[in-house]
Every structure is written in structure tokens, then in C-alpha cells.
$ cat start-v1.cif   # mmCIF, C-alpha atoms
data_protein
#
loop_
_atom_site.label_atom_id
_atom_site.label_comp_id
_atom_site.auth_asym_id
_atom_site.auth_seq_id
_atom_site.Cartn_x
_atom_site.Cartn_y
_atom_site.Cartn_z
CA MET A 1 -15.16 59.41 -0.13
CA PHE A 2 -17.14 56.49 1.26
CA ILE A 3 -20.12 54.94 -0.53
CA HIS A 4 -22.87 53.86 1.89
CA ASP A 5 -24.99 51.06 0.42
CA THR A 6 -28.39 50.69 2.13
CA VAL A 7 -29.85 49.08 -0.99
CA THR A 8 -28.37 45.63 -0.41
CA ASP A 9 -30.15 45.48 2.93
CA PHE A 10 -33.37 46.54 1.19
CA THR A 11 -33.21 43.96 -1.60
CA ASP A 12 -31.87 41.08 0.54
CA ASN A 13 -34.67 41.34 3.10
CA TYR A 14 -37.47 42.92 1.07
CA LEU A 15 -41.10 42.46 2.05
CA PRO A 16 -43.92 44.36 0.29
CA THR A 17 -45.35 45.88 3.46
CA ILE A 18 -45.61 49.26 5.13
CA ASP A 19 -43.97 47.85 8.26
CA TYR A 20 -40.97 46.71 6.25
CA LEU A 21 -40.49 50.15 4.74
CA LYS A 22 -40.82 51.85 8.12
CA ASN A 23 -38.26 49.48 9.65
CA TYR A 24 -35.87 50.03 6.74
CA TYR A 25 -36.03 53.82 7.08
CA GLU A 26 -35.69 53.63 10.86
CA LYS A 27 -32.71 51.29 10.61
CA HIS A 28 -30.94 53.68 8.22
CA THR A 29 -32.15 56.94 9.73
CA SER A 30 -28.86 58.78 9.27
CA HIS A 31 -28.98 58.18 5.51
CA PHE A 32 -32.55 59.44 5.14
CA GLU A 33 -32.64 62.60 7.26
CA GLU A 34 -31.91 64.88 4.31
CA TYR A 35 -34.23 62.93 2.02
CA PHE A 36 -37.32 63.16 4.21
CA GLN A 37 -36.61 66.73 5.29
CA TYR A 38 -36.29 68.21 1.81
CA HIS A 39 -37.02 65.69 -0.94
CA CYS A 40 -39.99 63.54 0.08
CA HIS A 41 -43.16 64.72 1.80
CA ASN A 42 -46.58 63.06 2.38
CA VAL A 43 -44.65 59.98 3.44
CA ASP A 44 -47.56 57.75 4.51
CA LYS A 45 -49.37 58.21 1.21
CA LYS A 46 -46.19 57.67 -0.80
CA MET A 47 -45.37 54.47 1.11
CA LYS A 48 -48.63 52.89 0.00
CA MET A 49 -48.08 53.94 -3.59
CA ALA A 50 -44.44 52.82 -3.62
CA ILE A 51 -44.94 49.20 -2.57
CA PRO A 52 -46.13 47.81 -5.95
CA LYS A 53 -43.50 49.89 -7.77
CA HIS A 54 -40.73 48.57 -5.51
CA GLN A 55 -41.87 44.98 -6.13
CA GLU A 56 -41.65 45.44 -9.89
CA LYS A 57 -38.17 46.96 -9.70
CA ILE A 58 -36.35 44.60 -7.31
CA SER A 59 -34.26 42.97 -10.05
CA ALA A 60 -33.28 46.38 -11.46
CA LEU A 61 -32.40 47.63 -7.96
CA ILE A 62 -30.07 44.66 -7.48
CA GLU A 63 -28.47 45.32 -10.87
CA MET A 64 -27.96 49.02 -10.11
CA LYS A 65 -26.62 48.71 -6.56
CA ASP A 66 -24.04 46.17 -7.78
CA LYS A 67 -22.64 48.45 -10.48
CA MET A 68 -23.12 51.91 -8.97
CA PRO A 69 -19.95 51.89 -6.79
CA LYS A 70 -17.67 51.40 -9.81
CA LEU A 71 -19.57 53.90 -11.95
CA ILE A 72 -19.35 56.45 -9.12
CA SER A 73 -15.65 55.85 -8.58
CA ASP A 74 -14.91 56.16 -12.30
CA ILE A 75 -16.79 59.47 -12.69
CA ALA A 76 -15.23 60.88 -9.52
CA ARG A 77 -11.76 59.91 -10.74
CA ASP A 78 -12.35 61.55 -14.13
CA TYR A 79 -13.36 64.83 -12.50
CA GLU A 80 -10.48 64.67 -10.01
CA GLN A 81 -7.94 64.21 -12.80
CA MET A 82 -9.56 66.87 -14.98
CA TYR A 83 -9.74 69.58 -12.29
CA ASP A 84 -7.09 68.61 -9.73
CA ILE A 85 -9.54 68.26 -6.84
CA THR A 86 -10.45 65.43 -4.45
CA PHE A 87 -13.93 64.28 -3.44
CA THR A 88 -13.96 63.45 0.26
CA LYS A 89 -17.65 63.60 1.22
CA ASP A 90 -19.84 60.50 1.60
CA VAL A 91 -22.18 59.10 -1.02
CA HIS A 92 -25.47 57.41 -0.09
CA LEU A 93 -27.25 54.73 -2.13
CA ILE A 94 -30.85 54.58 -0.91
CA ILE A 95 -34.34 53.39 -1.81
CA GLY A 96 -36.85 56.19 -1.41
CA LEU A 97 -40.52 56.65 -2.16
CA TYR A 98 -40.37 57.95 -5.73
CA GLY A 99 -39.65 61.54 -4.77
CA SER A 100 -36.25 62.84 -5.86
CA ASN A 101 -33.99 60.74 -8.10
CA ALA A 102 -30.73 62.15 -6.67
CA PHE A 103 -29.58 65.18 -4.72
CA THR A 104 -26.68 66.90 -3.02
CA TYR A 105 -26.94 67.73 0.66
CA ARG A 106 -27.39 71.33 1.73
CA GLN A 107 -23.73 71.74 2.59
CA ILE A 108 -21.00 73.92 1.13
CA ILE A 109 -19.04 70.83 0.13
CA PRO A 110 -21.94 68.40 -0.15
CA GLU A 111 -22.57 64.74 0.38
CA ILE A 112 -24.53 63.08 -2.44
CA ALA A 113 -27.47 60.65 -2.44
CA PHE A 114 -28.86 58.51 -5.25
CA CYS A 115 -32.43 57.18 -4.98
CA LEU A 116 -32.19 54.02 -7.05
CA GLU A 117 -35.93 53.37 -7.35
CA LYS A 118 -36.18 56.47 -9.56
CA LEU A 119 -33.25 55.67 -11.85
CA SER A 120 -32.89 53.96 -15.21
CA PRO A 121 -30.66 50.87 -14.91
CA GLN A 122 -28.87 51.59 -18.19
CA ASP A 123 -25.18 52.29 -17.61
CA ARG A 124 -25.12 55.52 -19.65
CA HIS A 125 -28.13 56.95 -17.81
CA LEU A 126 -26.58 56.10 -14.45
CA GLN A 127 -23.30 57.67 -15.54
CA ILE A 128 -25.08 60.90 -16.54
CA ILE A 129 -26.90 61.35 -13.26
CA ILE A 130 -23.75 60.48 -11.30
CA ALA A 131 -21.84 63.04 -13.38
CA HIS A 132 -24.56 65.63 -12.81
CA GLU A 133 -24.63 65.26 -9.03
CA PHE A 134 -20.86 65.10 -8.74
CA GLY A 135 -20.86 68.12 -11.05
CA HIS A 136 -22.69 70.03 -8.31
CA ALA A 137 -20.06 68.97 -5.79
CA LEU A 138 -17.27 69.87 -8.23
CA HIS A 139 -18.86 73.29 -8.76
CA HIS A 140 -18.67 73.94 -5.02
CA LEU A 141 -15.14 72.59 -4.67
CA LEU A 142 -13.82 74.81 -7.46
CA SER A 143 -15.73 77.78 -6.07
CA GLU A 144 -14.31 77.20 -2.59
CA LYS A 145 -10.84 76.94 -4.12
CA SER A 146 -11.43 80.26 -5.91
CA GLY A 147 -12.43 82.07 -2.72
CA VAL A 148 -16.19 82.46 -3.17
CA ASP A 149 -17.78 84.24 -0.23
CA TRP A 150 -20.50 81.72 0.57
CA ALA A 151 -22.25 84.15 2.91
CA MET A 152 -23.26 86.29 -0.06
CA ILE A 153 -24.97 83.44 -1.95
CA ASP A 154 -28.77 83.56 -1.94
CA TRP A 155 -29.59 79.85 -1.91
CA GLU A 156 -33.30 80.54 -2.42
CA SER A 157 -32.84 82.50 -5.65
CA PRO A 158 -33.77 81.10 -9.08
CA PHE A 159 -30.58 82.71 -10.41
CA THR A 160 -28.51 80.56 -8.04
CA TRP A 161 -30.41 77.43 -9.04
CA LEU A 162 -29.95 78.30 -12.71
CA LEU A 163 -26.20 78.64 -12.35
CA GLN A 164 -25.97 75.42 -10.34
CA GLU A 165 -27.98 73.34 -12.80
CA GLY A 166 -26.30 74.80 -15.83
CA ILE A 167 -22.83 74.09 -14.49
CA ALA A 168 -23.73 70.55 -13.36
CA THR A 169 -25.18 69.76 -16.79
CA TYR A 170 -22.14 71.26 -18.51
CA PHE A 171 -19.78 69.17 -16.40
CA SER A 172 -21.74 66.00 -17.16
CA THR A 173 -21.23 66.52 -20.90
CA LYS A 174 -17.46 66.54 -20.33
CA VAL A 175 -17.23 63.07 -18.80
CA VAL A 176 -20.14 61.13 -20.36
CA SER A 177 -20.86 60.81 -24.08
CA ALA A 178 -24.61 60.78 -24.72
CA ARG A 179 -27.41 62.33 -26.74
CA LYS A 180 -28.34 65.84 -25.66
CA ASP A 181 -31.77 64.86 -24.34
CA GLU A 182 -30.25 62.35 -21.93
CA TYR A 183 -28.25 65.01 -20.11
CA PHE A 184 -31.52 66.62 -19.01
CA ALA A 185 -33.90 63.66 -18.58
CA PHE A 186 -31.33 61.03 -17.45
CA GLU A 187 -33.03 58.78 -20.00
CA GLU A 188 -34.22 59.11 -23.61
CA ASP A 189 -36.62 61.99 -24.21
CA ILE A 190 -36.33 63.25 -27.77
CA ASP A 191 -39.67 65.07 -27.60
CA TRP A 192 -38.46 67.16 -24.63
CA ILE A 193 -35.24 68.33 -26.23
CA THR A 194 -36.90 68.88 -29.61
CA PHE A 195 -39.54 71.14 -28.07
CA ALA A 196 -36.97 73.03 -26.01
CA THR A 197 -34.62 73.56 -28.95
CA ASN A 198 -37.34 74.60 -31.40
CA ASN A 199 -38.90 77.05 -28.94
CA LYS A 200 -35.82 78.43 -27.19
CA GLN A 201 -36.66 82.10 -27.66
CA ILE A 202 -40.23 81.91 -26.39
CA ILE A 203 -39.20 79.69 -23.48
CA ILE A 204 -36.48 82.08 -22.32
CA GLU A 205 -38.79 85.07 -22.70
CA ALA A 206 -41.46 83.34 -20.60
CA PHE A 207 -38.87 82.45 -17.97
CA LEU A 208 -37.63 86.05 -17.80
CA SER A 209 -41.20 87.26 -17.41
CA ASP A 210 -41.82 84.85 -14.54
CA LEU A 211 -38.59 85.91 -12.84
CA THR A 212 -39.96 89.43 -12.53
CA SER A 213 -43.59 88.56 -11.74
CA LEU A 214 -43.49 85.43 -9.55
CA ASP A 215 -41.88 84.63 -6.21
CA ALA A 216 -39.02 82.14 -6.04
CA ARG A 217 -41.21 79.25 -4.91
CA ALA A 218 -43.58 79.69 -7.86
CA VAL A 219 -40.63 79.91 -10.27
CA TYR A 220 -39.22 76.68 -8.83
CA LEU A 221 -42.51 74.82 -9.17
CA GLU A 222 -43.07 75.92 -12.76
CA TRP A 223 -39.54 75.75 -14.15
CA PHE A 224 -37.40 73.42 -12.01
CA SER A 225 -39.79 70.89 -10.48
CA ILE A 226 -40.66 67.54 -12.04
CA ASN A 227 -44.26 68.40 -11.15
CA GLY A 228 -44.18 71.76 -12.94
CA GLY A 229 -44.34 72.81 -16.57
CA LYS A 230 -47.95 73.96 -16.64
CA GLN A 231 -47.22 76.82 -19.07
CA PHE A 232 -45.85 74.70 -21.91
CA GLY A 233 -46.87 71.23 -20.80
CA ILE A 234 -43.15 70.41 -20.43
CA ASN A 235 -41.45 70.25 -17.02
CA ARG A 236 -37.95 71.24 -15.87
CA LEU A 237 -37.29 73.61 -18.79
CA ALA A 238 -35.06 75.71 -16.52
CA TYR A 239 -32.41 73.01 -16.94
CA PHE A 240 -32.34 73.64 -20.69
CA ILE A 241 -32.26 77.41 -20.15
CA ALA A 242 -29.43 76.98 -17.64
CA TYR A 243 -27.32 74.92 -20.04
CA GLU A 244 -27.89 77.38 -22.89
CA PHE A 245 -26.86 80.19 -20.56
CA ILE A 246 -23.60 78.42 -19.66
CA GLN A 247 -22.82 77.72 -23.31
CA SER A 248 -23.37 81.39 -24.14
CA CYS A 249 -21.12 82.55 -21.30
CA LEU A 250 -18.34 80.19 -22.37
CA GLN A 251 -18.14 82.05 -25.68
CA GLU A 252 -17.15 85.21 -23.80
CA LEU A 253 -15.49 84.14 -20.54
CA SER A 254 -12.97 81.56 -19.36
CA GLU A 255 -14.33 78.31 -18.00
CA LEU A 256 -13.30 79.16 -14.43
CA ASP A 257 -14.91 82.60 -14.64
CA VAL A 258 -18.18 80.97 -15.70
CA ILE A 259 -17.98 78.27 -13.03
CA THR A 260 -17.35 80.88 -10.33
CA LEU A 261 -19.72 83.51 -11.67
CA TRP A 262 -21.35 83.80 -8.27
CA ARG A 263 -18.19 85.47 -6.99
CA ASN A 264 -19.61 88.64 -8.56
CA VAL A 265 -21.82 90.77 -6.33
CA ASN A 266 -24.08 91.43 -9.32
CA PHE A 267 -24.09 87.89 -10.71
CA GLN A 268 -27.91 87.80 -10.80
CA ASP A 269 -27.94 90.86 -13.07
CA ILE A 270 -25.28 89.23 -15.25
CA ILE A 271 -27.44 86.13 -15.68
CA TYR A 272 -30.58 88.13 -16.44
CA GLN A 273 -28.87 90.28 -19.07
CA GLN A 274 -27.20 87.28 -20.68
CA LEU A 275 -30.58 85.55 -21.02
CA VAL A 276 -32.02 88.68 -22.59
CA GLU A 277 -29.19 88.63 -25.13
CA ILE A 278 -29.70 84.93 -25.88
CA ALA A 279 -33.39 85.53 -26.55
CA LYS A 280 -32.55 88.41 -28.91
CA LYS A 281 -30.04 86.32 -30.85
CA ASP A 282 -32.66 83.69 -31.58
CA ILE A 283 -35.22 86.07 -33.03
#

$ encode --input "start-v1.cif" --output "C-alpha cells"
Amino acid sequence: MFIHDTVTDFTDNYLPTIDYLKNYYEKHTSHFEEYFQYHCHNVDKKMKMAIPKHQEKISALIEMKDKMPKLISDIARDYEQMYDITFTKDVHLIIGLYGSNAFTYRQIIPEIAFCLEKLSPQDRHLQIIIAHEFGHALHHLLSEKSGVDWAMIDWESPFTWLLQEGIATYFSTKVVSARKDEYFAFEEDIDWITFATNNKQIIIEAFLSDLTSLDARAVYLEWFSINGGKQFGINRLAYFIAYEFIQSCLQELSELDVITLWRNVNFQDIIYQQLVEIAKKDI
């Protein structure tokens, strides 16, 4: 595992101009291909909007890029010791345009990128998002080790996303001690977790309804996207549903069976029925 730091170049030479940003992205093209292809669109407009935000966050960016390598290494080591695996893929520290905060590459065993301009500089919040993204990579490593047939995975299915986010959140709780809201927001957000917890039944029922009535893109925008949440006025509630689903499964199955649930041909049906049961239990 190698950690690529493009942030030092950004902070050492920073100028609040469009030309500077363009030159920075061109200079580090290989580290931004995935970002601009999947995680940041309307680039020209976002560049203009990002400049004042970047200026305000320079000191925090310097603080984060200096401590991220150790935080990453520590989390990776904890997972490696816990699950007897080794992380070998590269990690990218970048400054984006306030799109995604972090993501794994679209690879079976993925590289990982952290967009520092979107992150909280608090150590615990950084640890949680590092643990979450490495949790995705760990999920794939353990699945590969267990013989998952990757050709059968529907990567554009909300059921796949739900399993991925639930497992990553579950893993993060094993290596970072924090309040429950922080595992979902990567910062403090008591109102979010309070609403989700107090309305679990109605949220899951609404999600199940949308699964059967909306296409995958619409489900993503409403339930998984930071720009969604029109129905309840709260975004990314699928992450809460996903975690509750994993917790429910762990009461009935071994940890490895839950982690590798997508080995089952009918894993989407398993998820749907489990959510139905969770909703019934909370009536």
C-alpha cells in the first residue's frame, strides 16, 4: 500500500485562481481520473464555487494531510491484524471541488481516495471515514478470499449498495470508538441519528416501497446521495437502513456469512425479506 499525497503540492503552492486549480488537476491527472469520471461533474461551475472555500480551509488541509498517513496506516494495520488480510492497493490524498468526501475505485480490490476539502479535521472523524472506506476494501478482500463470483454481482443494484454500505459502517464501529451519529455523518449530527432511530419503521417501509416502484438511479438519489432525502428532509438514510440490516443479520448468521452474503444467488431477496422482518419487529 502506497499513500500518494497531492495535497502538499496544493497547499505549498496554492493560488486562489481557476488557472491554479486547472494546473493542479492536470499535473496530478492520474490521481483524479476516477474522481472526475464518477464523483464530480459540472467542473467549471464547481471550480468557481470552490475557490473561496479552499482559501478558508488551507490551514485545516495542512493539518489533515500531515496526520492522515499515520491515521491510515493505523486503521489498515488494525483491520489486517483482525482479519488476517493485507492491503496492497494505493491510497490517494487529493483536493477536489466539494463533490465526494471519499470513495473506493471501481475495482474488485479497490484503491481508495480521500478528498480532504470535504473532511472534518478532527482525528476521530478522520479515523471513521478512513475506517469506512477501508471497510469497503476489506469487504471485497474477504469476499474474494471466500470465493465470491464477482461476475454475478449487479453493481447497479440498490441491494448491492445497501450491503456494501452496511458492511463498511459495521467494520468502522469495530476499529473506531465514537457516537453512533458520527459513523454515518463522519461528524456530529445528533438530529440525523435521532430522527432515523425514532422513525425506523416508517423509513424502512418507505425504502421498501421505493425499491419496488422506482428505478435504481432514483433510489440512489433519494436514499444514498448527499443531495437526496426529499421524502423525509433527511439525506443518506439508506446508510442507517443498511447498518440496521447488518445488525439484524448478525443475530442469525455468522459474521463471515453476513459479510459474504452476496455469494448467494438470491441475496437480493434475502435482503428484502430481512428488511420486511425488521419493519414488522418495530411495529

$ closest_atom_pairs --input "start-v1.cif" --of "region 144-214 of chain A" --to "region 105-118 of chain A" --cutoff "12 Å" --atoms "only C-alpha atoms" --output "CSV"
residue,atom,partner,partner_atom,distance
A:Glu144,CA,A:Ile108,CA,8.3
A:Lys145,CA,A:Ile109,CA,11.1
A:Val148,CA,A:Ile108,CA,10.7
A:Asp149,CA,A:Ile108,CA,10.9
A:Trp150,CA,A:Ile108,CA,7.8
A:Ala151,CA,A:Ile108,CA,10.5
A:Ile153,CA,A:Ile108,CA,10.8
A:Trp155,CA,A:Arg106,CA,9.5
A:Glu156,CA,A:Arg106,CA,11.7
A:Ala185,CA,A:Lys118,CA,11.8
A:Phe186,CA,A:Lys118,CA,10.3
A:Glu187,CA,A:Lys118,CA,11.1

$ closest_residue --input "start-v1.cif" --among "A:Tyr79, A:Gln273, A:Thr88, A:Leu126" --to "Glu63 (chain A)" --atoms "all atoms listed in the file"
A:Leu126

$ residues_near_point --input "start-v1.cif" --point "(-39.3, 72.5, -21.0)" --cutoff "12 Å" --atoms "all atoms listed in the file" --output "ChimeraX atom specification"
/A:181,184-185,189-204,206-207,222-242

$ closest_residue --input "start-v1.cif" --among "A:Val7, A:Ile270, A:Val265, A:Leu97" --to "Lys22 (chain A)" --atoms "all atoms listed in the file"
A:Leu97

$ resolve_selection --input "start-v1.cif" --expression "the PyMOL selection byres ((chain A and resi 59) around 12)" --output "list in words"
Val7, Thr8, Phe10, Thr11, Asp12, Tyr14, Lys53, His54, Gln55, Glu56, Lys57, Ile58, Ala60, Leu61, Ile62, Glu63, Met64, Lys65, Asp66, Leu116, Glu117 and Pro121 of chain A

$ resolve_selection --input "start-v1.cif" --expression "the PyMOL selection byres ((chain A and resi 142) around 12)" --output "PyMOL selection string"
chain A and resi 79-80+82-87+108-109+135-141+143-148+167+255-263

$ axis_aligned_box --input "start-v1.cif" --around "region 89-97 of chain A" --padding-each-side "6 Å" --output "lines of an AutoDock Vina configuration file"
center_x = -29.1
center_y = 58.5
center_z = -0.3
size_x = 34.9
size_y = 22.2
size_z = 15.8

$ residues_around --input "start-v1.cif" --residues "Asn23 (chain A)" --least-positions-apart "4" --cutoff "12 Å" --atoms "only C-alpha atoms" --output "list of chain:residue names"
A:Asp9, A:Phe10, A:Asn13, A:Tyr14, A:Leu15, A:Thr17, A:Ile18, A:Asp19, A:Lys27, A:His28, A:Thr29

$ closest_residue --input "start-v1.cif" --among "A:Phe103, A:Tyr243, A:Phe2, A:Tyr20" --to "Tyr35 (chain A)" --atoms "only C-alpha atoms"
A:Phe103

$ residues_around --input "start-v1.cif" --residues "Phe159 (chain A)" --least-positions-apart "6" --cutoff "9 Å" --atoms "only C-alpha atoms" --output "list of chain:residue names"
A:Leu211, A:Phe267, A:Gln268, A:Asp269, A:Ile271, A:Tyr272

$ residues_near_point --input "start-v1.cif" --point "(-39.8, 64.6, -0.7)" --cutoff "7 Å" --atoms "all atoms listed in the file" --output "JSON, numbers by chain"
{"A": [35, 36, 38, 39, 40, 41, 99, 100]}

$ atom_distance --input "start-v1.cif" --atom1 "CA of Val276 (chain A)" --atom2 "CA of Leu221 (chain A)"
22.0 Å

$ resolve_selection --input "start-v1.cif" --expression "the PyMOL selection byres ((chain A and resi 168-176) around 7)" --output "mmCIF file with C-alpha atoms, in the coordinates of the input"
data_model
loop_
_atom_site.group_PDB
_atom_site.id
_atom_site.type_symbol
_atom_site.label_atom_id
_atom_site.label_comp_id
_atom_site.auth_asym_id
_atom_site.auth_seq_id
_atom_site.Cartn_x
_atom_site.Cartn_y
_atom_site.Cartn_z
ATOM 1 C CA ASP A 78 -12.350 61.550 -14.130
ATOM 2 C CA GLN A 127 -23.300 57.670 -15.540
ATOM 3 C CA ILE A 128 -25.080 60.900 -16.540
ATOM 4 C CA ALA A 131 -21.840 63.040 -13.380
ATOM 5 C CA HIS A 132 -24.560 65.630 -12.810
ATOM 6 C CA GLU A 133 -24.630 65.260 -9.030
ATOM 7 C CA GLY A 135 -20.860 68.120 -11.050
ATOM 8 C CA HIS A 136 -22.690 70.030 -8.310
ATOM 9 C CA GLN A 164 -25.970 75.420 -10.340
ATOM 10 C CA GLU A 165 -27.980 73.340 -12.800
ATOM 11 C CA GLY A 166 -26.300 74.800 -15.830
ATOM 12 C CA ILE A 167 -22.830 74.090 -14.490
ATOM 13 C CA SER A 177 -20.860 60.810 -24.080
ATOM 14 C CA ALA A 178 -24.610 60.780 -24.720
ATOM 15 C CA TYR A 183 -28.250 65.010 -20.110
ATOM 16 C CA TYR A 243 -27.320 74.920 -20.040
#

$ atom_distance --input "start-v1.cif" --atom1 "CA of Asp74 (chain A)" --atom2 "CA of Tyr25 (chain A)"
28.8 Å

$ closest_residue --input "start-v1.cif" --among "A:His4, A:Leu162, A:Ile51, A:Lys67" --to "Asp90 (chain A)" --atoms "all atoms listed in the file"
A:His4

$ atom_distance --input "start-v1.cif" --atom1 "CA of Tyr24 (chain A)" --atom2 "CA of Ile94 (chain A)"
10.2 Å

$ closest_residue --input "start-v1.cif" --among "A:Ile75, A:Val43, A:Met68, A:Leu21" --to "Ile95 (chain A)" --atoms "only C-alpha atoms"
A:Leu21

$ closest_residue --input "start-v1.cif" --among "A:Ala76, A:Leu208, A:Leu214, A:Ile278" --to "Cys249 (chain A)" --atoms "all atoms listed in the file"
A:Ile278

$ build_atoms --input "start-v1.cif" --residues "region 245-273 of chain A" --atoms "N, CA and C atoms" --output "compact mmCIF listing (two decimals), in the frame of the given file"
# COMPACT_ATOMS: atom_id res chain seq x y z
N PHE A 245 -27.53 79.04 -21.17
CA PHE A 245 -26.86 80.19 -20.56
C PHE A 245 -25.36 79.93 -20.38
N ILE A 246 -25.02 78.77 -19.86
CA ILE A 246 -23.60 78.42 -19.66
C ILE A 246 -22.86 78.39 -20.98
N GLN A 247 -23.46 77.78 -22.00
CA GLN A 247 -22.82 77.72 -23.31
C GLN A 247 -22.58 79.12 -23.87
N SER A 248 -23.53 80.01 -23.68
CA SER A 248 -23.37 81.39 -24.14
C SER A 248 -22.24 82.09 -23.40
N CYS A 249 -22.18 81.91 -22.10
CA CYS A 249 -21.12 82.55 -21.30
C CYS A 249 -19.74 82.05 -21.70
N LEU A 250 -19.64 80.77 -22.02
CA LEU A 250 -18.34 80.19 -22.37
C LEU A 250 -17.78 80.76 -23.67
N GLN A 251 -18.62 81.40 -24.47
CA GLN A 251 -18.14 82.05 -25.68
C GLN A 251 -17.45 83.38 -25.37
N GLU A 252 -17.68 83.90 -24.16
CA GLU A 252 -17.15 85.21 -23.80
C GLU A 252 -16.17 85.19 -22.63
N LEU A 253 -16.29 84.19 -21.77
CA LEU A 253 -15.49 84.14 -20.54
C LEU A 253 -14.72 82.83 -20.46
N SER A 254 -13.70 82.80 -19.61
CA SER A 254 -12.97 81.56 -19.36
C SER A 254 -13.86 80.58 -18.60
N GLU A 255 -13.54 79.32 -18.68
CA GLU A 255 -14.33 78.31 -18.00
C GLU A 255 -14.42 78.59 -16.49
N LEU A 256 -13.29 78.92 -15.87
CA LEU A 256 -13.30 79.16 -14.43
C LEU A 256 -14.13 80.38 -14.07
N ASP A 257 -14.10 81.41 -14.90
CA ASP A 257 -14.91 82.60 -14.64
C ASP A 257 -16.40 82.27 -14.70
N VAL A 258 -16.77 81.38 -15.61
CA VAL A 258 -18.18 80.97 -15.70
C VAL A 258 -18.56 80.12 -14.50
N ILE A 259 -17.71 79.17 -14.16
CA ILE A 259 -17.98 78.27 -13.03
C ILE A 259 -18.15 79.07 -11.74
N THR A 260 -17.35 80.10 -11.58
CA THR A 260 -17.35 80.88 -10.33
C THR A 260 -18.05 82.22 -10.51
N LEU A 261 -19.01 82.26 -11.40
CA LEU A 261 -19.72 83.51 -11.67
C LEU A 261 -20.33 84.12 -10.43
N TRP A 262 -20.71 83.27 -9.48
CA TRP A 262 -21.35 83.80 -8.27
C TRP A 262 -20.37 84.48 -7.32
N ARG A 263 -19.12 84.60 -7.73
CA ARG A 263 -18.19 85.47 -6.99
C ARG A 263 -18.57 86.93 -7.15
N ASN A 264 -19.25 87.26 -8.25
CA ASN A 264 -19.61 88.64 -8.56
C ASN A 264 -20.81 89.08 -7.73
N VAL A 265 -20.71 90.24 -7.13
CA VAL A 265 -21.82 90.77 -6.33
C VAL A 265 -23.09 90.88 -7.17
N ASN A 266 -22.93 91.22 -8.44
CA ASN A 266 -24.08 91.43 -9.32
C ASN A 266 -24.32 90.24 -10.25
N PHE A 267 -24.00 89.04 -9.80
CA PHE A 267 -24.09 87.89 -10.71
C PHE A 267 -25.53 87.63 -11.17
N GLN A 268 -26.52 87.98 -10.38
CA GLN A 268 -27.91 87.80 -10.80
C GLN A 268 -28.23 88.71 -11.98
N ASP A 269 -27.74 89.94 -11.94
CA ASP A 269 -27.94 90.86 -13.07
C ASP A 269 -27.22 90.35 -14.32
N ILE A 270 -26.04 89.77 -14.12
CA ILE A 270 -25.28 89.23 -15.25
C ILE A 270 -26.07 88.12 -15.92
N ILE A 271 -26.66 87.23 -15.12
CA ILE A 271 -27.44 86.13 -15.68
C ILE A 271 -28.65 86.66 -16.43
N TYR A 272 -29.36 87.59 -15.81
CA TYR A 272 -30.58 88.13 -16.44
C TYR A 272 -30.24 88.77 -17.80
N GLN A 273 -29.22 89.59 -17.83
CA GLN A 273 -28.87 90.28 -19.07
C GLN A 273 -28.38 89.31 -20.14
